[in-house]
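**Student:** To start, I am sharing the structure in question, which I have written as structure tokens.
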Amino acid sequence: MSLFQKTIRELHQMLVDNEISSVELTESVLDQIAAVGEKTKAYLVVTRELALRQAKAADERLRAKRDVKPLTGIPIALKDVLCVRDVVSTAGSKILKGFSPPYSATVVERLEAEGAVFLGKTNCDEFAMGSSNENSGYRPVHNPWALDRVPGGSSGGSAAAVASGEAIGALGSDTGGSIRQPAALTGIVGFKPTYGRVSRYGLIAFASSLDQIGPMTRDVADSAVLLQAIAGHDPRDSTSSPRPVPDYLSTLRDGVKGMRLGVPKEYFVAGMEPAVEQAVRDAIRLLEQQGASIEEVSLPHSDVALPAYYIIAPAEASSNLARYDGVRYGYQAEGAKNLIEEYMLTRQQGFGPEVKRRIVLGTYALSSGYYDAYYLQAQKVRTLIIDDFRRAFEKVDALLGATSPTVAFPLGAKTQDPVAMYLNDIITIPANLGNVCGISVPCGLADGLPIGLQVIAPGFREEIALQVAYAFEAATDLRKLQSPLMRAAAA
Amino acid sequence: MSAVATRYEVVVGLEVHAQVLTQSKMFCSCSTDYLTAPPNSNTCPVCLGLPGSLPVINRRAVEGTIRTALALNCEIPEFSKFDRKNYFYPDLPKGYQISQYDLPFSRNGHLEFDVKGEGRRCGITRVHLEEDTGKLLHAGAIEEAQSSLVDFNRAGVPLMEIVSEPDLRSADEARQYVVELRAILQYLGINNGDMESGQLRCDANVSLRPVGRAEFGTKVEIKNMNSFRAIHRAIEYEITRQTEVLDSGGRLVQETRGWNDARGLTVSQRTKEFAEDYRYFPEPDLPPLEVSRAWVDEIRAGLPELPAARRLRFTTSYGLTAYDASLLTSSKPMAGFFEETVRMGAPAKAAANWILGDFSRLLNADRKEIEQSSIKPKHLQELIELIDSGVISGKMAKETFVVMYRERDPGPALTALRGSSQISGDAELEAIAAQVIAENAQSVADFKAGKERALKFLIGQGMKISKGRANPQRLEASLREKIT
């Protein structure tokens, strides 16, 4: 087994035991990127020199046994929506082509403080808008399980990197399912924490009231480790919560015995692939066998979550993306004759079609005369969805369902039909609107393609989501599943 | 104007933008110094609107807004929030301004002020807080400039918007409203009231309606008025212009007009058809604010004496007329100058006359504020004393005041004035000394008995006889000689 196939926790032990050095480990991962990177197109930028420099520094820490943290020396990939000082950070958009921020995101600083090694910036849908990664302003990402298929999105690059051995772990961002859905489609674990659990400072915004950064890893314990490092209040983000962060590893193995787990009937949506439904129902049965009591619950407003999301998120995006005007940084169109033309050409040429579609949707929803009917109405729906979860969590400890109604679909299959594409996120969106947390953990394969089980826990109860996901993972041997690309390269 | 006043009623509402003088900006820790710092030196990822940056509220700016609102008798709601006002402009780095829409920090206040000694009251709709924009510098006139530069030092400076009800009925009232408001901001220490540098800005909504009609006429917004005088002139101009349009049977269009001070007229900038849709929505990067009653009470308790209270005190304690008190208190530094001069011993009426008369004339001509002058309360007090003791005539004093005003140090001019009129001639001094000795036999005896203090008394008597003009050293010498 090559080093790049292992988990954060296995590698941490090896580093601490002096079996390997971080430089060796980092080179192993960089070699894998060199070997398969052109197949997956998971990265937009590989920061080879930075990674090796950080690995050397980590090795010194390890050698001196000084300030050694769970992530010291571990190679991590960062979604391109995260600002890294002096590293090109574009949110997958041409409008930010060549933009190197003069500062780093809080999560990046926290990983740096732990001594993590940064491999580079992973590809994603432009401004995190998409469910297949085909909206990348540069090039689509390919799924390591089947290269003609999408990896999901928008954190498809991070997902593909972790699934192909091009990173040991990664950070993604999730506004409507952008961590969980690609995790499901690439057979890895992806965790969207509760809004406010992780600082958004330095996360290039899509929809400010929904965006949340989270871990993407090979197994549940690794997600706990990565979340532990990035969670907690940040004075630079007024929406980050001051609640203390519990020790996620201490309760990870407590099991589901005696837990009440709810299955929302609305989550078995029309159009769900039978193999997906079967795998999820099998997973639920397995958790029941582990001692959990299972009951059906209802989240009656689930059907209006998607429409509400497609008002709120584009509305916020239309405002968040106004700053990309070519005046101060990023792409600037040439040949404009005046200011208005400068704005129009820059934005016409710099943004891709999906981003433009959402800017138009959001601008319309906020317009005078339409605000009450769209934006305000959507906010009311959001309140109902929050209430749905609150009521459900009075009865159960966590909720179970599929992450995505389908397995990975072929590239190009849905690009002509935005609504079909939006439906990918139908069971992930409620967790974003409802201010709860959700984790996707692999629960099987259908025709060689991964399926994800989603565990949703109440707001700021990340430990419950991790505990349930871990109990399921531990009861199966799915953790050992590796993408063909990872297996082939290792062989 | 009298014809206008009979046919149409003038309706004016004002929107005043006033910066809150905090050390750091509204949403980041950058310095608010945008007047002297090199362009774009006081900037950071937050106030430049770089991707991923987030705002953090400056509590001091909120406190300053609530202080102002309390001084304007506003209600302070328990919940407030920030909203985004969306529009594109190169001086607006995020493509939206963080402002307040439907839940401002305050509403429903009022401001009382005097117009020519008569009391007026204008409703305050709201006082809210927002961030200022950057500043554009065009290479030449804006219409022809081949390039424009932008300085973001001002971007993110806390800015209050103080919106009045349409309660003002003349250009005089509008001007006095701003004079009073500016004074209040100065007294609160929130804004220095400088209109030329843009720390205080004023827009006016002006409309006319036939006398007796309840509904308002079409309103015109006037921008770019950078002085009290400009406010007055622009509104007067607009009243005349609108009167002429209405009298000739025309219709007014709802529009924004800019005041051109050099040409003395307003020019149409944009009409309602092109009015922006700002797409206000709650700022998702900032949680709603809870304004605790305890905090409001604490701010209220810390309010200083405001111009109205000081005005009242000036009439009751110093016996000034309401008009003089109103003029003096309209500027905090001027009121302070007056009180200090009186505290040093000058009679109140004389001090007020000097400050509001000669001194103000000189300052106005130079467009200077009283605190910028080299003349200090001590100088004025001494000058007044010289007049009151008959040493110099009023005419001499006025001439000397101008000299003093021009000097960097007015002291020597004052000393020279005293010296030039001093009695140093032997004959005159001898006569004074003789008179003192003749009239104060007891003190002369005391001095002879060895009481040095008695001589001081005798010198004092001599100064009195000479109306302060005697050279005290020479008088002393003369007395000693004569007594011993």
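By order in the structure tokens, chains are A, B, ...; within a chain, residues start at 1; ligands start at 1, following the order shown.
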Counting only C-alpha atoms, which residues from chain A have an atom at most 6 Å from any atom of chain B, and could you show them as a list in words?
**Tutor:** Tyr201, Gly202, Leu203, Ile204, Ala205, Ser208, Ser209, Ser238, Ala322, Arg323, Leu366 and Ser367 of chain A
**Student:** Could you name the residues that touch Arg260 (chain A) at 10 Å or less, counting only C-alpha atoms, but leaving out those on the same chain fewer than 3 positions away, as number ranges by chain?
**Tutor:** A: 256-257, 288, 291-295, 393, 395-399
**Student:** Just checking: using only C-alpha atoms, which residue out of B:Lys135, B:Leu181, B:Pro158, B:Leu455 ends up closest to Ala441 (chain B)?
**Tutor:**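 The answer is B:Leu455, which sits nearest to Ala441 (chain B).
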**Student:** At most 7 Å is the cut-off: for each residue in region 121-200 of chain A with any atom that close to an atom of region 73-87 of chain A, write down the nearest atom pair and the distance in Å rounded to one decimal, counting only C-alpha atoms, chain first then increasing number, as CSV.
**Tutor:**
residue,atom,partner,partner_atom,distance
A:Lys121,CA,A:Asp80,CA,4.8
A:Thr122,CA,A:Lys79,CA,4.6
A:Asn123,CA,A:Asp80,CA,6.2
A:Cys124,CA,A:Asp80,CA,6.8
A:Phe127,CA,A:Val81,CA,6.9
A:Ser155,CA,A:Lys79,CA,6.7
A:Ser158,CA,A:Lys79,CA,6.0
A:Ala167,CA,A:Ile76,CA,5.7
A:Ile168,CA,A:Pro75,CA,5.9
A:Gly169,CA,A:Ile76,CA,5.1
A:Ala170,CA,A:Ala77,CA,4.5
A:Leu171,CA,A:Leu78,CA,5.2
A:Gly172,CA,A:Lys79,CA,5.4
**Student:** What residues in region 25-206 of chain A get the DSSP label strand (DSSP E)? Please answer as a ChimeraX atom specification.
**Tutor:** /A:43-46,75-79,117-122,169-174,189-192
**Student:** The selected residues should be written to file as a PDB file, in the first residue's frame (atoms: C-alpha atoms).
**Tutor:**
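again_23.pdb was written with the following content:
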ATOM      1  CA  TYR A  43      -6.298  20.635  -9.225  1.00  0.00           C
ATOM      2  CA  LEU A  44      -6.155  24.097 -10.706  1.00  0.00           C
ATOM      3  CA  VAL A  45      -2.853  24.864  -9.000  1.00  0.00           C
ATOM      4  CA  VAL A  46      -0.391  22.450  -7.408  1.00  0.00           C
ATOM      5  CA  PRO A  75      -0.836  16.844   2.867  1.00  0.00           C
ATOM      6  CA  ILE A  76      -4.173  18.591   2.417  1.00  0.00           C
ATOM      7  CA  ALA A  77      -5.915  20.004  -0.660  1.00  0.00           C
ATOM      8  CA  LEU A  78      -7.837  23.276  -0.529  1.00  0.00           C
ATOM      9  CA  LYS A  79     -10.843  24.105  -2.642  1.00  0.00           C
ATOM     10  CA  VAL A 117       1.036  20.666   4.151  1.00  0.00           C
ATOM     11  CA  PHE A 118      -0.818  22.451   1.327  1.00  0.00           C
ATOM     12  CA  LEU A 119      -0.848  20.560  -1.969  1.00  0.00           C
ATOM     13  CA  GLY A 120      -2.686  23.165  -3.977  1.00  0.00           C
ATOM     14  CA  LYS A 121      -6.009  24.595  -5.007  1.00  0.00           C
ATOM     15  CA  THR A 122      -8.647  22.156  -6.197  1.00  0.00           C
ATOM     16  CA  GLY A 169      -7.765  15.039   3.032  1.00  0.00           C
ATOM     17  CA  ALA A 170      -9.292  18.203   1.685  1.00  0.00           C
ATOM     18  CA  LEU A 171     -11.433  21.158   2.534  1.00  0.00           C
ATOM     19  CA  GLY A 172     -14.542  21.908   0.546  1.00  0.00           C
ATOM     20  CA  SER A 173     -17.402  24.322   0.912  1.00  0.00           C
ATOM     21  CA  ASP A 174     -21.091  23.488   1.015  1.00  0.00           C
ATOM     22  CA  VAL A 189     -16.706  11.140   3.565  1.00  0.00           C
ATOM     23  CA  GLY A 190     -17.824  14.775   3.344  1.00  0.00           C
ATOM     24  CA  PHE A 191     -19.089  16.806   6.253  1.00  0.00           C
ATOM     25  CA  LYS A 192     -20.985  20.082   6.163  1.00  0.00           C
TER      26      LYS A 192
END
**Student:** Would you list the contacts of region 219-232 of chain A as a count of residues only, taking every protein, DNA or RNA residue within 9 Å and counting only C-alpha atoms, but skipping same-chain residues closer than 5 positions in sequence?
**Tutor:** 47
**Student:** Please list as a PyMOL selection string every residue within 9 Å of Ser41 (chain B), counting only C-alpha atoms and excluding residues in the same chain fewer than 5 positions away.
**Tutor:** chain B and resi 34+151-153
**Student:** Go ahead and dump the residues you just picked, C-alpha atoms, as an mmCIF file, in the first residue's frame.
**Tutor:**
data_model
loop_
_atom_site.group_PDB
_atom_site.id
_atom_site.type_symbol
_atom_site.label_atom_id
_atom_site.label_comp_id
_atom_site.auth_asym_id
_atom_site.auth_seq_id
_atom_site.Cartn_x
_atom_site.Cartn_y
_atom_site.Cartn_z
ATOM 1 C CA TYR B 34 -8.358 59.994 4.600
ATOM 2 C CA ASP B 151 -8.566 56.467 -3.372
ATOM 3 C CA PHE B 152 -10.111 53.981 -0.936
ATOM 4 C CA ASN B 153 -8.850 55.649 2.244
#
**Student:** Pull the alpha helix (DSSP H) assignments for region 160-193 of chain B out of DSSP run on the backbone, and list those residues as a list in words.
**Tutor:**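 Going through region 160-193 of chain B, the alpha helix (DSSP H) residues come out as Ala171, Asp172, Glu173, Ala174, Arg175, Gln176, Tyr177, Val178, Val179, Glu180, Leu181, Arg182, Ala183, Ile184, Leu185, Gln186, Tyr187 and Leu188 of chain B.
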**Student:** Please save N, CA and C atoms of the selected residues as an mmCIF file, in the first residue's frame.
**Tutor:**
data_model
loop_
_atom_site.group_PDB
_atom_site.id
_atom_site.type_symbol
_atom_site.label_atom_id
_atom_site.label_comp_id
_atom_site.auth_asym_id
_atom_site.auth_seq_id
_atom_site.Cartn_x
_atom_site.Cartn_y
_atom_site.Cartn_z
ATOM 1 N N ALA B 171 -35.681 78.719 2.991
ATOM 2 C CA ALA B 171 -34.233 78.525 2.913
ATOM 3 C C ALA B 171 -33.587 78.915 4.242
ATOM 4 N N ASP B 172 -34.138 79.962 4.904
ATOM 5 C CA ASP B 172 -33.624 80.364 6.213
ATOM 6 C C ASP B 172 -33.747 79.226 7.214
ATOM 7 N N GLU B 173 -34.909 78.606 7.227
ATOM 8 C CA GLU B 173 -35.126 77.507 8.175
ATOM 9 C C GLU B 173 -34.186 76.348 7.890
ATOM 10 N N ALA B 174 -34.033 76.048 6.603
ATOM 11 C CA ALA B 174 -33.154 74.937 6.228
ATOM 12 C C ALA B 174 -31.729 75.197 6.697
ATOM 13 N N ARG B 175 -31.267 76.438 6.470
ATOM 14 C CA ARG B 175 -29.909 76.760 6.875
ATOM 15 C C ARG B 175 -29.758 76.655 8.398
ATOM 16 N N GLN B 176 -30.711 77.225 9.119
ATOM 17 C CA GLN B 176 -30.609 77.214 10.576
ATOM 18 C C GLN B 176 -30.693 75.799 11.153
ATOM 19 N N TYR B 177 -31.471 74.951 10.471
ATOM 20 C CA TYR B 177 -31.556 73.543 10.891
ATOM 21 C C TYR B 177 -30.159 72.916 10.820
ATOM 22 N N VAL B 178 -29.458 73.164 9.716
ATOM 23 C CA VAL B 178 -28.128 72.571 9.558
ATOM 24 C C VAL B 178 -27.142 73.206 10.537
ATOM 25 N N VAL B 179 -27.274 74.528 10.759
ATOM 26 C CA VAL B 179 -26.400 75.203 11.722
ATOM 27 C C VAL B 179 -26.552 74.543 13.098
ATOM 28 N N GLU B 180 -27.804 74.317 13.499
ATOM 29 C CA GLU B 180 -28.064 73.735 14.812
ATOM 30 C C GLU B 180 -27.569 72.278 14.871
ATOM 31 N N LEU B 181 -27.845 71.547 13.794
ATOM 32 C CA LEU B 181 -27.437 70.141 13.751
ATOM 33 C C LEU B 181 -25.908 70.025 13.831
ATOM 34 N N ARG B 182 -25.242 70.884 13.086
ATOM 35 C CA ARG B 182 -23.778 70.884 13.096
ATOM 36 C C ARG B 182 -23.265 71.170 14.503
ATOM 37 N N ALA B 183 -23.898 72.139 15.174
ATOM 38 C CA ALA B 183 -23.476 72.483 16.535
ATOM 39 C C ALA B 183 -23.656 71.278 17.452
ATOM 40 N N ILE B 184 -24.779 70.593 17.322
ATOM 41 C CA ILE B 184 -25.032 69.424 18.183
ATOM 42 C C ILE B 184 -23.958 68.365 17.954
ATOM 43 N N LEU B 185 -23.626 68.120 16.687
ATOM 44 C CA LEU B 185 -22.600 67.111 16.381
ATOM 45 C C LEU B 185 -21.257 67.508 16.978
ATOM 46 N N GLN B 186 -20.959 68.808 16.924
ATOM 47 C CA GLN B 186 -19.709 69.290 17.527
ATOM 48 C C GLN B 186 -19.736 69.103 19.039
ATOM 49 N N TYR B 187 -20.833 69.466 19.657
ATOM 50 C CA TYR B 187 -20.948 69.357 21.116
ATOM 51 C C TYR B 187 -20.796 67.901 21.540
ATOM 52 N N LEU B 188 -21.308 66.997 20.700
ATOM 53 C CA LEU B 188 -21.233 65.571 21.030
ATOM 54 C C LEU B 188 -19.829 65.022 20.773
#
**Student:** Please provide as a list in words all residues within 9 Å of Gly412 (chain A), with the sequence filter that same-chain residues fewer than 4 positions apart are discarded (counting only C-alpha atoms).
**Tutor:**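 Here the answer would be Glu134, Arg149, Val150 and Gln416 of chain A.
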**Student:** Which neighbours of Leu159 (chain B) fall inside 10 Å, counting only C-alpha atoms, when residues of the same chain fewer than 4 positions from it are skipped, and could you give them as a list in words?
**Tutor:** Val16, His17, Ala18, Gln19, Val20, Leu21, Lys25, Met26, Ala61, Thr65, Ser99, His128, Leu129, Glu130, Glu131, Asp132, Thr133, Gln199 and Leu200 of chain B
**Student:** Need to verify the contact set: Gly411 (chain B), 10 Å, only C-alpha atoms, exclusion of same-chain residues closer than 3 positions in sequence. Can you return it as a PyMOL selection string?
**Tutor:** chain B and resi 374-376+378-379+382+404+407-408+414-417
**Student:** CA of Glu236 (chain B) and CA of Val206 (chain B), how far apart in Å?
**Tutor:**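 Result for CA of Val206 (chain B) versus CA of Glu236 (chain B): 9.9 Å, one decimal.
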**Student:** What's the separation between CA of Leu299 (chain A) and CA of Ile311 (chain A), in Å to one decimal place?
**Tutor:** 20.2 Å
**Student:** When you count only C-alpha atoms, which of these residues is closest to Thr329 (chain B): B:Arg480, B:Arg311, B:Arg229, B:Arg343?
**Tutor:**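 Looking only at the distances to Thr329 (chain B), the closest residue turns out to be B:Arg311.
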**Student:** From the options B:Asp324, B:Glu385, B:Glu369, B:Asp102, which residue's atoms come nearest to Gly117 (chain B), counting only C-alpha atoms?
**Tutor:**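 Looking at the shortest contact to Gly117 (chain B), the residue is B:Asp324.
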